[in-house]
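Student: Quick one: structure below, then a few questions.
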Amino acid sequence: MKLKNLFTKQFYIYNFYRVKRAKPLDYIFFDGKVFIILSSIFLIGLVFLFPMKIEFLFPKIENQTYILESLLRVISIFIGISFSFIILSFNVFYKNFGRYVFQNFFKIRSAKICLTLLISTIVLLIYTIYFFKETKSISKYSNFLFLFSIVLSFVSFFSVFPFFINLLRSSQDRKHISEIFKKLNKEEYVIDKFLARVNDEQSSFYHKDPISLINEIGLASIKDFDNNTFELINSEIKSFFKESVSNKFKEDTHIDIKELYYNFTELLFDFYSLSIKEKNEKFLKTIIHTRYEIESCILENIDKPKFKEFYDFEDKYKHWAFDFDTEKYLKKAIQFNEDEICELIISNYNSFVTKSIIKLYPKDIKYNNSNRYDVAQKSDIIFSPLRNISTFSEILLINNKIYLFKEIFTFLYCVEQKVIDIETTDATKCYLFNVIHNYKKEIYKSYLDNPSTDYISYLNFPFKDSVFIYEKIKCITPILGLLEIIDLLFAKDKLNNMVINLAKADMLHLINKNEFSSNLLIKLVNKFVDLSSKIKDSDSAYRKDIYLKLVEKLEIVNIELLKNSNAPKETEKKLKESIDSFKKKKKYSNELKKLGYISDERIT
């Protein structure tokens, strides 16, 4: 075969499939089956019952005039009504589905049947009137035409309007959104997309790209506050993504999951940006949950070989895309003063990170002084979110959103609890707690330095459960961290009864443990004594009140210590000496009483 003939053959094959993919028959709005049935009935009558020779003749001038007049009347009435309904349906469809209307409206069977019935009836009536005017005599064929015209007119009259109603309902049917999503998994979509890139026809492909259509429909639903459409789109995004992930394992998909992931996340951010401008809190919450569900789906499957494409660095999944999106969402929410949305964003990030720590933290890590750098690298699945939450706290401080810090502190608390649960050595966990404490300390210092920070509440104090952690993994870092923060609070005159009471509770916990921890108890007692030594006669009533609270808590601890038969005598002696060192208790008590000072006894 000559090379020219080969290329010619391939050229015609290519154009054949190009036309086939274009589906030209979809642009014909006639319903073929109905038209063939009606035409067959007419042809049977014409062939077997027509009384004269079949030939084509022009009618007389008066008949032509009459036919045209009849045609005008019929078109004015029936076609006018028909197109009124079709335009109404078209407008409703366009409002709900945007440019998708231009691609699919006239593929709706109801529209095809409506037009087919009406045009067929009009053609038959014109022919029948013409035939009667020409023959002016009764025959079997004229009777057939008469009956067929009456029946078809009757059927058209009573069936067209139900079709119109069905058409109008179809124009509002949200199932069209599901059909757009299904196009993403069709071979022709993949081929069209590939050819658009090869032929540099991206702009023309955009007009039929399902992703761009979903984007337009979603944005329109946000502007119109169309809750049903928007909820359906978000539901379809979640279900379609999960279904695509499931099909990936069966090799039953044309979809590039990573590309779909980025398409959907970009869609969601576009929706989020408009929703936040429209102040639609319900839509914002839906979008945030959808983004969380997509990332959770990736996390659940990340250990499978086919999801290696989602690895970020060093052949590991570090959920960088989710981290970046979370920061973008948070900044937008702060910009538009959507505080409740900010809380939800950080809360969702908290939920995701705690899940990822359990799933992704390596189980073969054993910390010692010689492999600290290696452990730090392998622990980035914990350290990276800590860096992010530190960045979030800076964003909140810059925008003076101090009241949102309880979500930051809740995040830190939850990370600590998950560190306890991971499968690794206690030495490794203690190292992780050391790093976590340093992040907590830096964040907390920034929080305390803000002028808006006043009372330190239980929710805004992330240094809790230090003795519980010690009991679990024999790590004293959280207890030492608590002592460090007590010093910091005292220096900034923000130490209060709640914090002192937490330290007292830790001391009581240490006393009541089966393994009595004398050294740690003494460290806490010494801290109380050290603080009391810094309080002078010239200090404020607030500091003198702190002095009294410190000795009061030590006295309670002493009572419990004396009840414990396992308590070492040296510890009892040390505690008694510490209480006795509070020589100004009576003096400060009288001074405050004379001033009428009201002590803050809150413990939450």
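Every chain in the structure tokens has a letter given in the order shown (A, B, ...), and although residue numbers restart at 1 in each chain, ligands are simply numbered from 1 in the order shown.
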Quick one: residues within 12 Å of Glu327 of chain A, only C-alpha atoms, excluding same-chain residues fewer than 3 positions away - as a list in words?

Tutor: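 Near Glu327 of chain A, the qualifying residues are Phe269, Trp320, Ala321, Phe322, Asp323, Phe324, Leu330, Lys331, Lys332, Ala333, Ile334, Cys342, Ile345, Ile346, Tyr349, Pro385, Arg387, Asn388, Ile389, Ser390, Thr391, Phe392, Ser393, Glu394, Ile395 and Leu396 of chain A.
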
Student: Now that the selection is made, can you save its residues with N, CA, C and O atoms as an mmCIF file, in the first residue's frame?

Tutor:
```
data_model
loop_
_atom_site.group_PDB
_atom_site.id
_atom_site.type_symbol
_atom_site.label_atom_id
_atom_site.label_comp_id
_atom_site.auth_asym_id
_atom_site.auth_seq_id
_atom_site.Cartn_x
_atom_site.Cartn_y
_atom_site.Cartn_z
ATOM 1 N N PHE A 269 -13.211 25.769 46.344
ATOM 2 C CA PHE A 269 -12.709 27.082 46.766
ATOM 3 C C PHE A 269 -13.438 28.209 46.032
ATOM 4 O O PHE A 269 -13.688 29.275 46.613
ATOM 5 N N TRP A 320 -0.139 18.148 52.191
ATOM 6 C CA TRP A 320 0.209 19.561 51.985
ATOM 7 C C TRP A 320 -0.936 20.334 51.331
ATOM 8 O O TRP A 320 -1.203 21.483 51.697
ATOM 9 N N ALA A 321 -1.587 19.709 50.347
ATOM 10 C CA ALA A 321 -2.679 20.410 49.647
ATOM 11 C C ALA A 321 -3.785 20.782 50.628
ATOM 12 O O ALA A 321 -4.339 21.894 50.574
ATOM 13 N N PHE A 322 -4.111 19.865 51.527
ATOM 14 C CA PHE A 322 -5.151 20.139 52.532
ATOM 15 C C PHE A 322 -4.691 21.234 53.486
ATOM 16 O O PHE A 322 -5.489 22.104 53.877
ATOM 17 N N ASP A 323 -3.404 21.214 53.853
ATOM 18 C CA ASP A 323 -2.870 22.262 54.732
ATOM 19 C C ASP A 323 -2.970 23.637 54.079
ATOM 20 O O ASP A 323 -3.404 24.613 54.707
ATOM 21 N N PHE A 324 -2.571 23.714 52.812
ATOM 22 C CA PHE A 324 -2.632 24.994 52.096
ATOM 23 C C PHE A 324 -4.077 25.487 51.980
ATOM 24 O O PHE A 324 -4.353 26.683 52.179
ATOM 25 N N LEU A 330 -9.158 29.713 56.070
ATOM 26 C CA LEU A 330 -9.137 30.460 57.326
ATOM 27 C C LEU A 330 -8.928 31.949 57.077
ATOM 28 O O LEU A 330 -9.610 32.794 57.674
ATOM 29 N N LYS A 331 -7.989 32.294 56.213
ATOM 30 C CA LYS A 331 -7.736 33.707 55.908
ATOM 31 C C LYS A 331 -8.971 34.382 55.320
ATOM 32 O O LYS A 331 -9.284 35.531 55.658
ATOM 33 N N LYS A 332 -9.663 33.675 54.428
ATOM 34 C CA LYS A 332 -10.896 34.232 53.832
ATOM 35 C C LYS A 332 -11.953 34.465 54.910
ATOM 36 O O LYS A 332 -12.634 35.505 54.926
ATOM 37 N N ALA A 333 -12.111 33.480 55.788
ATOM 38 C CA ALA A 333 -13.136 33.588 56.833
ATOM 39 C C ALA A 333 -12.834 34.754 57.770
ATOM 40 O O ALA A 333 -13.737 35.493 58.173
ATOM 41 N N ILE A 334 -11.570 34.942 58.092
ATOM 42 C CA ILE A 334 -11.184 36.071 58.962
ATOM 43 C C ILE A 334 -11.415 37.393 58.236
ATOM 44 O O ILE A 334 -11.895 38.368 58.833
ATOM 45 N N CYS A 342 -14.471 30.114 61.079
ATOM 46 C CA CYS A 342 -13.078 29.920 61.517
ATOM 47 C C CYS A 342 -12.990 28.763 62.510
ATOM 48 O O CYS A 342 -12.084 27.912 62.423
ATOM 49 N N ILE A 345 -13.353 25.488 60.641
ATOM 50 C CA ILE A 345 -12.162 25.161 59.846
ATOM 51 C C ILE A 345 -11.080 24.540 60.732
ATOM 52 O O ILE A 345 -10.508 23.490 60.399
ATOM 53 N N ILE A 346 -10.800 25.174 61.870
ATOM 54 C CA ILE A 346 -9.761 24.658 62.767
ATOM 55 C C ILE A 346 -10.200 23.329 63.374
ATOM 56 O O ILE A 346 -9.391 22.402 63.528
ATOM 57 N N TYR A 349 -9.743 20.663 60.795
ATOM 58 C CA TYR A 349 -8.315 20.389 60.662
ATOM 59 C C TYR A 349 -7.831 19.535 61.830
ATOM 60 O O TYR A 349 -7.031 18.606 61.651
ATOM 61 N N PRO A 385 1.821 19.676 61.134
ATOM 62 C CA PRO A 385 0.587 20.320 61.617
ATOM 63 C C PRO A 385 0.833 21.304 62.758
ATOM 64 O O PRO A 385 0.123 22.301 62.881
ATOM 65 N N ARG A 387 3.464 23.193 63.057
ATOM 66 C CA ARG A 387 3.922 24.431 62.399
ATOM 67 C C ARG A 387 2.732 25.182 61.805
ATOM 68 O O ARG A 387 2.654 26.418 61.872
ATOM 69 N N ASN A 388 1.814 24.429 61.225
ATOM 70 C CA ASN A 388 0.632 25.060 60.624
ATOM 71 C C ASN A 388 -0.244 25.727 61.681
ATOM 72 O O ASN A 388 -0.728 26.849 61.476
ATOM 73 N N ILE A 389 -0.443 25.030 62.793
ATOM 74 C CA ILE A 389 -1.310 25.608 63.835
ATOM 75 C C ILE A 389 -0.641 26.831 64.452
ATOM 76 O O ILE A 389 -1.321 27.776 64.880
ATOM 77 N N SER A 390 0.698 26.838 64.473
ATOM 78 C CA SER A 390 1.420 28.028 64.929
ATOM 79 C C SER A 390 1.174 29.197 63.973
ATOM 80 O O SER A 390 0.962 30.345 64.403
ATOM 81 N N THR A 391 1.171 28.881 62.666
ATOM 82 C CA THR A 391 0.875 29.911 61.661
ATOM 83 C C THR A 391 -0.560 30.420 61.813
ATOM 84 O O THR A 391 -0.819 31.626 61.727
ATOM 85 N N PHE A 392 -1.483 29.490 62.060
ATOM 86 C CA PHE A 392 -2.886 29.896 62.260
ATOM 87 C C PHE A 392 -3.009 30.836 63.458
ATOM 88 O O PHE A 392 -3.776 31.810 63.421
ATOM 89 N N SER A 393 -2.275 30.529 64.512
ATOM 90 C CA SER A 393 -2.355 31.380 65.715
ATOM 91 C C SER A 393 -1.822 32.785 65.419
ATOM 92 O O SER A 393 -2.374 33.778 65.920
ATOM 93 N N GLU A 394 -0.781 32.873 64.607
ATOM 94 C CA GLU A 394 -0.259 34.186 64.222
ATOM 95 C C GLU A 394 -1.294 34.973 63.412
ATOM 96 O O GLU A 394 -1.455 36.189 63.599
ATOM 97 N N ILE A 395 -1.992 34.264 62.531
ATOM 98 C CA ILE A 395 -3.043 34.911 61.727
ATOM 99 C C ILE A 395 -4.144 35.448 62.642
ATOM 100 O O ILE A 395 -4.635 36.577 62.465
ATOM 101 N N LEU A 396 -4.518 34.645 63.639
ATOM 102 C CA LEU A 396 -5.567 35.073 64.576
ATOM 103 C C LEU A 396 -5.108 36.285 65.389
ATOM 104 O O LEU A 396 -5.887 37.213 65.637
#
```

Student: Which residues, written as a PyMOL selection string, have at least one atom at most 12 Å from Glu555 of chain A, with only C-alpha atoms counted and residues fewer than 6 positions away on the same chain left out?

Tutor: chain A and resi 504+507-508+525+528+548-549+561-562+572+575-580+582

Student: Generate the output file for the selected residues, all heavy atoms, as a CSV table (one decimal), in the first residue's frame.

Tutor:
```csv
chain,number,residue,atom,x,y,z
A,504,LYS,N,-2.6,22.1,92.0
A,504,LYS,CA,-3.0,21.3,93.3
A,504,LYS,C,-3.6,20.0,92.9
A,504,LYS,O,-3.2,18.9,93.6
A,504,LYS,CB,-4.1,22.1,94.0
A,504,LYS,CG,-4.5,21.5,95.3
A,504,LYS,CD,-6.0,21.9,95.7
A,504,LYS,CE,-7.0,21.2,94.7
A,504,LYS,NZ,-8.4,21.5,95.1
A,507,MET,N,-0.9,17.6,92.2
A,507,MET,CA,-0.2,17.1,93.4
A,507,MET,C,-1.0,16.1,94.1
A,507,MET,O,-0.5,15.0,94.6
A,507,MET,CB,0.0,18.3,94.4
A,507,MET,CG,1.1,19.2,93.9
A,507,MET,SD,1.6,20.5,95.2
A,507,MET,CE,0.5,21.8,94.7
A,508,LEU,N,-2.3,16.2,94.2
A,508,LEU,CA,-3.2,15.2,94.8
A,508,LEU,C,-3.2,13.9,94.0
A,508,LEU,O,-3.2,12.8,94.6
A,508,LEU,CB,-4.6,15.8,94.9
A,508,LEU,CG,-4.9,17.0,95.8
A,508,LEU,CD1,-6.3,17.5,95.7
A,508,LEU,CD2,-4.5,16.6,97.2
A,525,VAL,N,5.6,21.6,94.8
A,525,VAL,CA,5.6,22.4,96.1
A,525,VAL,C,6.6,23.5,96.1
A,525,VAL,O,6.3,24.6,96.5
A,525,VAL,CB,5.8,21.4,97.3
A,525,VAL,CG1,6.0,22.2,98.6
A,525,VAL,CG2,4.7,20.4,97.4
A,528,PHE,N,5.4,26.6,94.3
A,528,PHE,CA,4.5,27.4,95.1
A,528,PHE,C,5.3,28.3,96.1
A,528,PHE,O,5.0,29.5,96.2
A,528,PHE,CB,3.5,26.5,95.9
A,528,PHE,CG,2.3,26.1,95.1
A,528,PHE,CD1,2.4,25.9,93.7
A,528,PHE,CD2,1.1,25.9,95.7
A,528,PHE,CE1,1.3,25.4,93.0
A,528,PHE,CE2,0.0,25.5,94.9
A,528,PHE,CZ,0.1,25.3,93.6
A,548,LEU,N,-2.1,33.9,99.3
A,548,LEU,CA,-3.0,33.2,100.2
A,548,LEU,C,-3.5,31.9,99.5
A,548,LEU,O,-3.7,30.9,100.1
A,548,LEU,CB,-4.2,34.1,100.6
A,548,LEU,CG,-3.8,35.3,101.4
A,548,LEU,CD1,-5.1,36.2,101.7
A,548,LEU,CD2,-3.2,34.9,102.7
A,549,LYS,N,-3.8,32.0,98.2
A,549,LYS,CA,-4.3,30.8,97.4
A,549,LYS,C,-3.2,29.7,97.4
A,549,LYS,O,-3.5,28.5,97.5
A,549,LYS,CB,-4.7,31.2,96.0
A,549,LYS,CG,-6.0,31.9,96.0
A,549,LYS,CD,-6.4,32.2,94.5
A,549,LYS,CE,-7.9,32.6,94.4
A,549,LYS,NZ,-8.3,33.7,95.2
A,561,LEU,N,-1.8,14.2,102.0
A,561,LEU,CA,-0.5,13.5,102.2
A,561,LEU,C,-0.5,12.7,103.5
A,561,LEU,O,0.0,11.6,103.6
A,561,LEU,CB,0.6,14.5,102.1
A,561,LEU,CG,2.0,13.9,102.2
A,561,LEU,CD1,2.3,13.0,101.0
A,561,LEU,CD2,3.1,15.0,102.3
A,562,LEU,N,-1.0,13.3,104.6
A,562,LEU,CA,-1.0,12.7,105.9
A,562,LEU,C,-1.9,11.5,105.9
A,562,LEU,O,-1.7,10.6,106.7
A,562,LEU,CB,-1.4,13.7,106.9
A,562,LEU,CG,-0.4,14.9,107.2
A,562,LEU,CD1,-1.0,15.9,108.1
A,562,LEU,CD2,0.9,14.4,107.7
A,572,GLU,N,6.7,14.5,103.9
A,572,GLU,CA,5.8,15.1,104.8
A,572,GLU,C,6.5,16.3,105.5
A,572,GLU,O,5.9,17.4,105.7
A,572,GLU,CB,5.4,14.1,105.9
A,572,GLU,CG,4.5,13.0,105.4
A,572,GLU,CD,4.0,12.0,106.5
A,572,GLU,OE1,4.4,12.3,107.6
A,572,GLU,OE2,3.4,11.0,106.1
A,575,LEU,N,6.9,19.2,103.1
A,575,LEU,CA,5.7,19.9,102.8
A,575,LEU,C,5.3,20.8,104.0
A,575,LEU,O,4.9,22.0,103.9
A,575,LEU,CB,4.6,18.9,102.5
A,575,LEU,CG,3.2,19.5,102.2
A,575,LEU,CD1,3.3,20.5,101.0
A,575,LEU,CD2,2.2,18.4,101.8
A,576,LYS,N,5.5,20.3,105.2
A,576,LYS,CA,5.2,21.1,106.4
A,576,LYS,C,6.1,22.3,106.5
A,576,LYS,O,5.6,23.4,106.8
A,576,LYS,CB,5.4,20.2,107.7
A,576,LYS,CG,5.0,20.9,108.9
A,576,LYS,CD,5.1,20.0,110.1
A,576,LYS,CE,4.6,20.6,111.4
A,576,LYS,NZ,5.1,21.9,111.7
A,577,GLU,N,7.4,22.1,106.2
A,577,GLU,CA,8.3,23.3,106.2
A,577,GLU,C,7.9,24.3,105.1
A,577,GLU,O,8.0,25.5,105.3
A,577,GLU,CB,9.7,22.8,105.9
A,577,GLU,CG,10.3,22.0,107.0
A,577,GLU,CD,11.7,21.4,106.6
A,577,GLU,OE1,12.1,21.5,105.4
A,577,GLU,OE2,12.4,20.8,107.5
A,578,SER,N,7.4,23.8,104.0
A,578,SER,CA,7.0,24.7,102.9
A,578,SER,C,5.8,25.6,103.3
A,578,SER,O,5.7,26.8,103.1
A,578,SER,CB,6.6,23.9,101.7
A,578,SER,OG,7.7,23.3,101.2
A,579,ILE,N,4.8,24.9,104.0
A,579,ILE,CA,3.7,25.7,104.5
A,579,ILE,C,4.1,26.7,105.6
A,579,ILE,O,3.6,27.8,105.6
A,579,ILE,CB,2.6,24.7,105.1
A,579,ILE,CG1,2.1,23.8,103.9
A,579,ILE,CG2,1.5,25.4,105.7
A,579,ILE,CD1,1.2,22.7,104.3
A,580,ASP,N,5.0,26.2,106.4
A,580,ASP,CA,5.4,27.1,107.5
A,580,ASP,C,6.2,28.4,107.0
A,580,ASP,O,6.3,29.4,107.6
A,580,ASP,CB,6.4,26.4,108.5
A,580,ASP,CG,5.6,25.3,109.3
A,580,ASP,OD1,4.3,25.5,109.3
A,580,ASP,OD2,6.2,24.4,109.8
A,582,PHE,N,5.2,30.3,104.7
A,582,PHE,CA,4.3,31.3,104.4
A,582,PHE,C,4.0,32.2,105.6
A,582,PHE,O,2.9,32.1,106.2
A,582,PHE,CB,3.0,30.7,103.8
A,582,PHE,CG,3.1,30.2,102.4
A,582,PHE,CD1,3.8,29.0,102.1
A,582,PHE,CD2,2.7,31.0,101.3
A,582,PHE,CE1,3.9,28.5,100.8
A,582,PHE,CE2,2.8,30.5,100.0
A,582,PHE,CZ,3.4,29.3,99.7
```

Student: Could you find all residues in segment 453-485 of chain A that DSSP calls helix (DSSP H, G or I) from the backbone, and write them as a PyMOL selection string?

Tutor: chain A and resi 466-473+477-485

Student: Could you jot down the atom CA of Thr326 of chain A to atom CA of Leu268 of chain A separation for me, Å, one decimal place?

Tutor: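 Atom CA of Thr326 of chain A sits 12.0 Å away from atom CA of Leu268 of chain A.
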
Student: Find the spatial neighbours of Thr286 of chain A, counting only C-alpha atoms, within a cut-off of 12 Å - ignore same-chain residues fewer than 6 positions away - and output them as JSON, numbers by chain.

Tutor: {"A": [222, 227, 230, 231, 232, 233, 234, 235, 237, 238, 268, 269, 271, 272, 275, 280, 292, 293, 341, 344, 345]}

Student: I'd like the interatomic distance between atom CA of Tyr261 of chain A and atom CA of Asp325 of chain A, to a tenth of an Å.

Tutor: 12.6 Å

Student: Would you list the contacts of segment 478-490 of chain A as a PyMOL selection string, taking every protein, DNA or RNA residue within 9 Å and counting only C-alpha atoms, but skipping same-chain residues closer than 6 positions in sequence?

Tutor: chain A and resi 433-434+437-438+441+444-445+448+463-467+469-470+496+499-500+503+506+520+523-524+527+531+543

Student: Between A:Thr121, A:Lys140, A:Thr128, A:Phe310, which is the closest to Val155 of chain A once you count only C-alpha atoms?

Tutor: A:Thr121

Student: Tell me, in Å to one decimal, how far atom CA of Lys406 of chain A is from atom CA of His509 of chain A.

Tutor: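 Spanning atom CA of Lys406 of chain A to atom CA of His509 of chain A is a straight-line distance of 25.5 Å.
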